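What follows is the content of target.csv (CSV, C-alpha atoms and all ligand atoms).
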chain,number,residue,atom,x,y,z
J,1,MET,CA,-28.0,27.0,-51.9
J,2,THR,CA,-25.5,26.8,-54.8
J,3,TYR,CA,-27.5,27.0,-58.0
J,4,GLN,CA,-24.5,28.1,-60.0
J,5,ASN,CA,-23.8,24.5,-61.0
J,6,TYR,CA,-27.0,24.6,-62.9
J,7,ILE,CA,-27.6,28.2,-64.2
J,8,ASN,CA,-25.6,31.1,-65.6
J,9,CYS,CA,-26.1,33.4,-62.6
J,10,ASP,CA,-26.2,33.2,-58.8
J,11,ARG,CA,-29.4,33.0,-56.7
J,12,ASP,CA,-29.6,36.8,-56.0
J,13,GLN,CA,-29.3,37.6,-59.7
J,14,LEU,CA,-31.9,35.0,-60.5
J,15,LEU,CA,-34.3,36.6,-58.0
J,16,GLU,CA,-33.7,40.0,-59.6
J,17,LYS,CA,-34.5,38.5,-63.0
J,18,MET,CA,-37.7,36.8,-61.7
J,19,ALA,CA,-38.8,40.0,-60.0
J,20,GLU,CA,-38.9,41.6,-63.4
J,21,LEU,CA,-41.1,38.8,-64.8
J,22,LEU,CA,-43.4,38.0,-61.9
J,23,PRO,CA,-45.7,40.0,-59.6
J,24,GLU,CA,-44.7,40.1,-56.0
J,25,LYS,CA,-47.3,37.5,-54.9
J,26,ARG,CA,-46.2,35.0,-57.5
J,27,LEU,CA,-42.5,35.6,-56.6
J,28,ASN,CA,-43.4,34.9,-52.9
J,29,HIS,CA,-45.2,31.7,-54.0
J,30,CYS,CA,-42.0,30.6,-55.8
J,31,LEU,CA,-39.9,31.4,-52.7
J,32,GLY,CA,-42.4,29.4,-50.7
J,33,VAL,CA,-42.1,26.4,-53.1
J,34,GLU,CA,-38.3,26.6,-53.0
J,35,LYS,CA,-38.4,26.4,-49.1
J,36,ALA,CA,-41.0,23.6,-49.1
J,37,ALA,CA,-39.1,21.7,-51.8
J,38,ILE,CA,-35.9,21.9,-49.8
J,39,GLU,CA,-37.7,20.6,-46.7
J,40,LEU,CA,-39.2,17.7,-48.6
J,41,ALA,CA,-35.9,16.9,-50.2
J,42,GLU,CA,-34.3,16.7,-46.8
J,43,ARG,CA,-37.1,14.4,-45.6
J,44,PHE,CA,-37.1,12.1,-48.5
J,45,GLY,CA,-33.4,12.0,-49.5
J,46,VAL,CA,-33.6,14.1,-52.7
J,47,ASP,CA,-30.8,16.5,-53.8
J,48,LYS,CA,-31.5,19.9,-52.1
J,49,ASP,CA,-30.0,22.1,-54.8
J,50,GLN,CA,-32.0,20.4,-57.5
J,51,ALA,CA,-35.2,20.6,-55.4
J,52,GLY,CA,-34.6,24.2,-54.4
J,53,LEU,CA,-33.8,25.5,-57.9
J,54,ALA,CA,-36.7,23.6,-59.5
J,55,GLY,CA,-39.0,24.9,-56.7
J,56,LEU,CA,-37.9,28.5,-57.2
J,57,LEU,CA,-38.2,28.3,-61.0
J,58,HIS,CA,-41.3,26.2,-61.3
J,59,ASP,CA,-43.6,29.1,-62.2
J,60,TYR,CA,-41.0,31.2,-64.1
J,61,ALA,CA,-43.0,31.2,-67.3
J,62,LYS,CA,-46.4,32.0,-65.6
J,63,LYS,CA,-46.6,35.5,-67.1
J,64,LEU,CA,-45.6,34.7,-70.7
J,65,SER,CA,-48.1,35.8,-73.2
J,66,ASP,CA,-50.2,33.2,-75.1
J,67,GLN,CA,-48.5,34.3,-78.3
J,68,GLU,CA,-45.1,33.5,-76.8
J,69,PHE,CA,-46.2,30.0,-75.7
J,70,LEU,CA,-47.7,29.4,-79.2
J,71,GLU,CA,-44.4,30.4,-80.8
J,72,LEU,CA,-42.4,28.1,-78.5
J,73,ILE,CA,-44.7,25.2,-79.4
J,74,ASP,CA,-44.0,25.8,-83.1
J,75,CYS,CA,-40.3,26.6,-82.6
J,76,TYR,CA,-39.6,23.4,-80.6
J,77,GLU,CA,-42.1,21.3,-82.7
J,78,LEU,CA,-44.0,20.3,-79.5
J,79,ASP,CA,-47.3,18.2,-79.7
J,80,PRO,CA,-49.7,20.4,-81.7
J,81,ASP,CA,-52.5,19.4,-79.4
J,82,LEU,CA,-50.9,21.7,-76.8
J,83,LYS,CA,-52.4,24.6,-78.7
J,84,ASN,CA,-55.9,23.5,-77.6
J,85,TRP,CA,-54.9,24.2,-74.0
J,86,GLY,CA,-53.9,27.4,-72.2
J,87,ASN,CA,-51.6,29.1,-69.7
J,88,ASN,CA,-52.4,26.6,-66.9
J,89,ILE,CA,-50.9,23.8,-68.9
J,90,TRP,CA,-48.4,25.8,-70.9
J,91,HIS,CA,-46.5,27.5,-68.1
J,92,GLY,CA,-44.9,24.2,-67.0
J,93,VAL,CA,-45.0,21.9,-70.1
J,94,VAL,CA,-43.9,24.7,-72.5
J,95,GLY,CA,-42.3,27.0,-69.9
J,96,ILE,CA,-39.2,24.8,-69.6
J,97,TYR,CA,-38.1,25.9,-73.1
J,98,LYS,CA,-38.2,29.5,-72.1
J,99,ILE,CA,-36.3,28.7,-68.9
J,100,ARG,CA,-33.7,26.9,-70.9
J,101,GLU,CA,-33.3,29.8,-73.3
J,102,ASP,CA,-33.1,32.5,-70.6
J,103,LEU,CA,-31.0,30.7,-68.0
J,104,ASP,CA,-29.1,28.1,-70.0
J,105,LEU,CA,-30.5,25.5,-67.5
J,106,GLN,CA,-29.6,22.1,-69.0
J,107,ASP,CA,-30.2,19.7,-66.1
J,108,SER,CA,-32.8,17.3,-67.5
J,109,GLU,CA,-34.0,16.2,-64.0
J,110,ILE,CA,-34.8,19.8,-62.9
J,111,LEU,CA,-36.4,20.6,-66.3
J,112,ARG,CA,-38.6,17.5,-66.1
J,113,ALA,CA,-39.7,18.4,-62.6
J,114,ILE,CA,-40.8,21.9,-63.7
J,115,GLU,CA,-42.4,20.4,-66.9
J,116,VAL,CA,-44.7,18.2,-64.9
J,117,HIS,CA,-45.3,20.4,-61.9
J,118,THR,CA,-49.0,21.1,-62.8
J,119,VAL,CA,-50.1,17.8,-64.4
J,120,GLY,CA,-47.8,15.2,-62.9
J,121,ALA,CA,-47.0,12.0,-64.8
J,122,SER,CA,-47.9,8.3,-64.4
J,123,ARG,CA,-44.2,7.7,-63.3
J,124,MET,CA,-42.5,10.4,-61.4
J,125,THR,CA,-39.0,10.6,-59.8
J,126,ASP,CA,-38.8,11.6,-56.2
J,127,LEU,CA,-37.6,15.1,-57.3
J,128,GLU,CA,-40.7,15.4,-59.6
J,129,LYS,CA,-43.0,14.4,-56.7
J,130,VAL,CA,-41.2,16.9,-54.3
J,131,ILE,CA,-41.9,19.8,-56.7
J,132,TYR,CA,-45.5,18.7,-57.5
J,133,VAL,CA,-46.3,18.5,-53.8
J,134,ALA,CA,-44.3,21.5,-52.6
J,135,ASP,CA,-46.3,23.6,-55.1
J,136,TYR,CA,-49.5,22.5,-53.3
J,137,ILE,CA,-48.4,22.8,-49.7
J,138,GLU,CA,-46.0,25.8,-49.5
J,139,HIS,CA,-46.7,28.0,-46.6
J,140,ASN,CA,-48.6,30.8,-48.5
J,141,ARG,CA,-51.2,28.3,-49.7
J,142,ALA,CA,-54.5,28.5,-47.8
J,143,PHE,CA,-57.4,26.4,-49.1
J,144,PRO,CA,-59.6,23.6,-47.6
J,145,GLY,CA,-57.6,20.4,-47.5
J,146,VAL,CA,-54.1,22.0,-47.5
J,147,GLU,CA,-53.5,20.9,-43.9
J,148,LEU,CA,-54.2,17.2,-44.7
J,149,ALA,CA,-51.9,17.5,-47.7
J,150,ARG,CA,-49.2,18.9,-45.5
J,151,GLU,CA,-49.8,16.0,-43.0
J,152,LEU,CA,-49.5,13.4,-45.7
J,153,ALA,CA,-46.3,15.0,-47.0
J,154,GLN,CA,-44.7,14.4,-43.6
J,155,THR,CA,-44.6,10.7,-44.2
J,156,SER,CA,-45.4,9.7,-47.8
J,157,LEU,CA,-44.7,11.5,-51.1
J,158,ASN,CA,-47.0,9.0,-52.9
J,159,GLN,CA,-49.9,9.7,-50.6
J,160,ALA,CA,-49.4,13.4,-50.9
J,161,VAL,CA,-49.3,13.1,-54.8
J,162,ALA,CA,-52.4,11.0,-54.7
J,163,TYR,CA,-54.4,13.3,-52.5
J,164,GLU,CA,-53.4,16.5,-54.4
J,165,THR,CA,-54.2,14.9,-57.8
J,166,ALA,CA,-57.6,13.6,-56.6
J,167,ARG,CA,-58.5,17.1,-55.2
J,168,THR,CA,-57.4,18.8,-58.4
J,169,VAL,CA,-59.4,16.4,-60.6
J,170,GLU,CA,-62.4,16.9,-58.4
J,171,HIS,CA,-62.0,20.7,-58.4
J,172,LEU,CA,-61.7,20.8,-62.2
J,173,ALA,CA,-64.7,18.5,-62.8
J,174,HIS,CA,-66.7,20.5,-60.3
J,175,GLN,CA,-65.9,23.7,-62.2
J,176,GLY,CA,-66.8,22.0,-65.5
J,177,LEU,CA,-63.2,22.5,-66.8
J,178,PRO,CA,-61.4,20.2,-69.2
J,179,ILE,CA,-58.9,17.9,-67.6
J,180,TYR,CA,-55.5,17.4,-69.4
J,181,PRO,CA,-55.0,13.7,-70.3
J,182,GLN,CA,-51.7,13.5,-68.4
J,183,THR,CA,-53.5,14.7,-65.2
J,184,ILE,CA,-55.9,11.7,-65.6
J,185,GLU,CA,-52.9,9.4,-66.1
J,186,THR,CA,-51.4,10.8,-62.9
J,187,TYR,CA,-54.7,10.2,-61.1
J,188,ASN,CA,-54.9,6.6,-62.3
J,189,ALA,CA,-51.3,5.8,-61.4
J,190,TYR,CA,-51.5,7.2,-57.8
J,191,VAL,CA,-55.1,6.6,-56.8
J,192,GLN,CA,-54.0,3.3,-55.1
J,193,TYR,CA,-52.2,5.4,-52.5
J,194,LEU,CA,-55.4,7.2,-51.4
J,195,LYS,CA,-56.5,4.1,-49.6
J,196,GLU,CA,-53.4,3.4,-47.6
J,197,ASP,CA,-53.4,4.2,-43.9
J,201,LIG,P1,-49.9,27.4,-59.8
J,201,LIG,O1,-49.2,27.6,-61.1
J,201,LIG,O2,-48.9,27.6,-58.6
J,201,LIG,O3,-51.1,28.3,-59.6
J,201,LIG,O4,-50.4,25.9,-59.7
J,201,LIG,P2,-50.4,24.7,-60.8
J,201,LIG,O5,-49.3,24.9,-61.8
J,201,LIG,O6,-50.4,23.4,-60.1
J,201,LIG,O7,-51.8,24.9,-61.5
J,201,LIG,C1,-52.1,26.0,-62.3
J,201,LIG,C2,-53.6,25.9,-62.7
J,201,LIG,O8,-53.8,24.8,-63.5
J,201,LIG,C3,-54.5,25.7,-61.5
J,201,LIG,O9,-55.6,26.6,-61.6
J,201,LIG,C4,-55.0,24.2,-61.6
J,201,LIG,O10,-56.3,24.0,-61.1
J,201,LIG,C5,-55.0,24.1,-63.1
J,201,LIG,N1,-54.9,22.7,-63.6
J,201,LIG,C6,-54.2,21.7,-63.1
J,201,LIG,N2,-54.3,20.6,-63.8
J,201,LIG,C7,-55.1,20.9,-64.8
J,201,LIG,C8,-55.7,20.1,-65.9
J,201,LIG,O11,-55.5,18.9,-66.0
J,201,LIG,N3,-56.5,20.8,-66.7
J,201,LIG,C9,-56.8,22.1,-66.6
J,201,LIG,N4,-57.6,22.7,-67.4
J,201,LIG,N5,-56.3,22.9,-65.6
J,201,LIG,C10,-55.5,22.3,-64.7
J,202,FE,FE,-47.6,26.3,-61.7
J,203,FE,FE,-46.9,27.2,-58.5
Exercise: express the given structure as C-alpha cells:
Amino acid sequence: MTYQNYINCDRDQLLEKMAELLPEKRLNHCLGVEKAAIELAERFGVDKDQAGLAGLLHDYAKKLSDQEFLELIDCYELDPDLKNWGNNIWHGVVGIYKIREDLDLQDSEILRAIEVHTVGASRMTDLEKVIYVADYIEHNRAFPGVELARELAQTSLNQAVAYETARTVEHLAHQGLPIYPQTIETYNAYVQYLKED
C-alpha cells in the first residue's frame, strides 16, 4: 500500500509510531482492520489506499488521556456536549484532530471515515461503511454474531452496517449504557436494511 500520498511517513514508519502509542493487542486489531478494509474495498469498489490507511489508523487515538481529549475539544472548539462522553466516543470523533496534528493527514474522506468509525452516521460514503464494518469483522474479533456480520459483508455493506448498529444498540441498552445520539441516527437510517433477504 502506498500511504505516502496521504501522510508524512511510509507504512513501516507509521507502524513504528503506532507501536509506541498502542499496546500490541490494539496494534494487531488495527492491522486486522487494515486487512479487512482492503478486502472490503476490493469487493465494493472503494479506493484501497484510503481504506487501508483509514483502517490502520482508525484507533490511533485510543490511548490518549481524557485530559488530552478535553484539550482537543477546547482547542478545536468542538461541540461542548462531547465533554459529557468518554473515550469510547472521543477516540474517533476527537481522535482525528490528533491524527491530523501528528501525521499531517489532510484527506477529508479518510478523516471522516475515522471520525465516524464508532458511531456511524445517517449518511455514510462507501469508504465510511467499509471502515465501520471492517472494525467489527476483522479476523481477531470473536463474539457471538460476528460470523453473521462477516457473511452479510460478503454481499451488502448496508446490511452489514444495519446488523452491526442494531447489535451495538442492543448491547449498550442491555448494559444500561448511554447511547450517543449519532448512533441512534445511524440505527434509524439503516434499520430498513435489516429486513432485506
Ligand atoms: P474499538 O475501538 O475497536 O473497541 O470499537 P469501537 O470504536 O467501534 O467502539 C468502542 C466502544 O464504544 C465499544 O465498547 C462500543 O460498545 C462503544 N460504543 C459504540 N457506540 C456507542 C455509543 O453510542 N455510546 C456509548 N456509550 N458507547 C458506544
Ligand atoms: Fe474504535
Ligand atoms: Fe477498532
Please measure the separation of CA of Arg123 (chain J) and CA of Gly145 (chain J), giving the value in Å to one decimal.
->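 The value is 24.3 Å.
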Which of J:Leu194, J:Ile137, J:Leu56, J:Ala41 sits closest to Gln159 (chain J) [using all atoms listed in the file] | J:Leu194
Around ligand FE 203 (chain J), out to 9 Å and counting all atoms listed in the file, which residues are there? I want them as a compact mmCIF listing (two decimals) with C-alpha atoms, keeping the file's coordinate frame.
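Output below, filename out_29.txt:
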# COMPACT_ATOMS: atom_id res chain seq x y z
CA ARG J 26 -46.20 35.00 -57.50
CA HIS J 29 -45.20 31.70 -54.00
CA CYS J 30 -42.00 30.60 -55.80
CA VAL J 33 -42.10 26.40 -53.10
CA GLY J 55 -39.00 24.90 -56.70
CA HIS J 58 -41.30 26.20 -61.30
CA ASP J 59 -43.60 29.10 -62.20
CA LYS J 62 -46.40 32.00 -65.60
CA HIS J 117 -45.30 20.40 -61.90
CA THR J 118 -49.00 21.10 -62.80
CA TYR J 132 -45.50 18.70 -57.50
CA ALA J 134 -44.30 21.50 -52.60
CA ASP J 135 -46.30 23.60 -55.10
CA TYR J 136 -49.50 22.50 -53.30
Please provide the set of residues having any atom within 12 Å of Lys63 (chain J), restricted to only C-alpha atoms, with same-chain residues fewer than 6 positions apart removed, written as a ChimeraX atom specification.
-> /J:18-23,26-27,69,87-88,90-92,95,98
How many Å lie between CA of Ala153 (chain J) and CA of Ile89 (chain J), rounded to one decimal?
-> 24.0 Å
For ligand LIG 201 (chain J), which of J:Glu115, J:Asp66, J:Glu151, J:Asp81 is the closest residue, counting all atoms listed in the file?
->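 Smallest distance to ligand LIG 201 (chain J) is found for J:Glu115.
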Show which residues sit within 12 Å of Tyr97 (chain J), as a ChimeraX atom specification. Count only C-alpha atoms, and ignore same-chain residues fewer than 2 positions away.
-> /J:60-61,64,68-78,90-95,99-106,108,111-112,114-115
Residues from the last selection, C-alpha atoms, saved as a short mmCIF file (atom, residue, chain, number, x, y, z; two decimals), keeping the file's coordinate frame:
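Produced file part-v3.cif, reproduced below:
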data_model
loop_
_atom_site.label_atom_id
_atom_site.label_comp_id
_atom_site.auth_asym_id
_atom_site.auth_seq_id
_atom_site.Cartn_x
_atom_site.Cartn_y
_atom_site.Cartn_z
CA TYR J 60 -41.00 31.20 -64.10
CA ALA J 61 -43.00 31.20 -67.30
CA LEU J 64 -45.60 34.70 -70.70
CA GLU J 68 -45.10 33.50 -76.80
CA PHE J 69 -46.20 30.00 -75.70
CA LEU J 70 -47.70 29.40 -79.20
CA GLU J 71 -44.40 30.40 -80.80
CA LEU J 72 -42.40 28.10 -78.50
CA ILE J 73 -44.70 25.20 -79.40
CA ASP J 74 -44.00 25.80 -83.10
CA CYS J 75 -40.30 26.60 -82.60
CA TYR J 76 -39.60 23.40 -80.60
CA GLU J 77 -42.10 21.30 -82.70
CA LEU J 78 -44.00 20.30 -79.50
CA TRP J 90 -48.40 25.80 -70.90
CA HIS J 91 -46.50 27.50 -68.10
CA GLY J 92 -44.90 24.20 -67.00
CA VAL J 93 -45.00 21.90 -70.10
CA VAL J 94 -43.90 24.70 -72.50
CA GLY J 95 -42.30 27.00 -69.90
CA ILE J 99 -36.30 28.70 -68.90
CA ARG J 100 -33.70 26.90 -70.90
CA GLU J 101 -33.30 29.80 -73.30
CA ASP J 102 -33.10 32.50 -70.60
CA LEU J 103 -31.00 30.70 -68.00
CA ASP J 104 -29.10 28.10 -70.00
CA LEU J 105 -30.50 25.50 -67.50
CA GLN J 106 -29.60 22.10 -69.00
CA SER J 108 -32.80 17.30 -67.50
CA LEU J 111 -36.40 20.60 -66.30
CA ARG J 112 -38.60 17.50 -66.10
CA ILE J 114 -40.80 21.90 -63.70
CA GLU J 115 -42.40 20.40 -66.90
#
Calculate how many Å separate CA of Thr125 (chain J) from CA of Ala113 (chain J), rounding to one decimal.
->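 Going from CA of Thr125 (chain J) over to CA of Ala113 (chain J) covers 8.3 Å.
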Residues near Glu147 (chain J), cut-off 12 Å, only C-alpha atoms, skip fewer than 4 positions along chain, as a PyMOL selection string | chain J and resi 136-143+151-154+160+163-164
Using all atoms listed in the file: which of J:Glu39, J:Asp12, J:Glu170, J:Asp49 has the shortest distance to ligand LIG 201 (chain J) =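 Ranked by minimum distance to ligand LIG 201 (chain J), first place goes to J:Glu170.
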Contacts of Leu172 (chain J) at 12 Å (only C-alpha atoms; same-chain gap of 6+ positions) as a ChimeraX atom specification = /J:88,165-166,178-180,183-184
Export of prior selection with C-alpha atoms as a PDB file, in the frame of the given file:
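File written: result_31.pdb
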ATOM      1  CA  ASN J  88     -52.400  26.600 -66.900  1.00  0.00           C
ATOM      2  CA  THR J 165     -54.200  14.900 -57.800  1.00  0.00           C
ATOM      3  CA  ALA J 166     -57.600  13.600 -56.600  1.00  0.00           C
ATOM      4  CA  PRO J 178     -61.400  20.200 -69.200  1.00  0.00           C
ATOM      5  CA  ILE J 179     -58.900  17.900 -67.600  1.00  0.00           C
ATOM      6  CA  TYR J 180     -55.500  17.400 -69.400  1.00  0.00           C
ATOM      7  CA  THR J 183     -53.500  14.700 -65.200  1.00  0.00           C
ATOM      8  CA  ILE J 184     -55.900  11.700 -65.600  1.00  0.00           C
TER       9      ILE J 184
END
Between J:Val116, J:Ile96, J:Ala121, J:Leu82, single out the one closest to Gln182 (chain J), counting only C-alpha atoms.
-> J:Ala121
Among J:Ile110, J:Leu53, J:Ala149, J:Val119, ligand LIG 201 (chain J) is approached most closely, using only C-alpha atoms and all ligand atoms, by J:Val119
Which residue gives the smallest distance to ligand LIG 201 (chain J) among J:Gln192, J:Trp85, J:Lys129, J:Tyr6, with all atoms listed in the file counted?
->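 Closest residue, counting all atoms listed in the file: J:Trp85.
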Counting all atoms listed in the file, select every polymer residue within 8 Å of (-31.5, 15.7, -61.7) as defined in the file's coordinates, and provide the selection as a list in words.
->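 Protein and nucleic acid residues near the point are Asp47, Gln50, Asp107, Ser108, Glu109, Ile110 and Leu127 of chain J.
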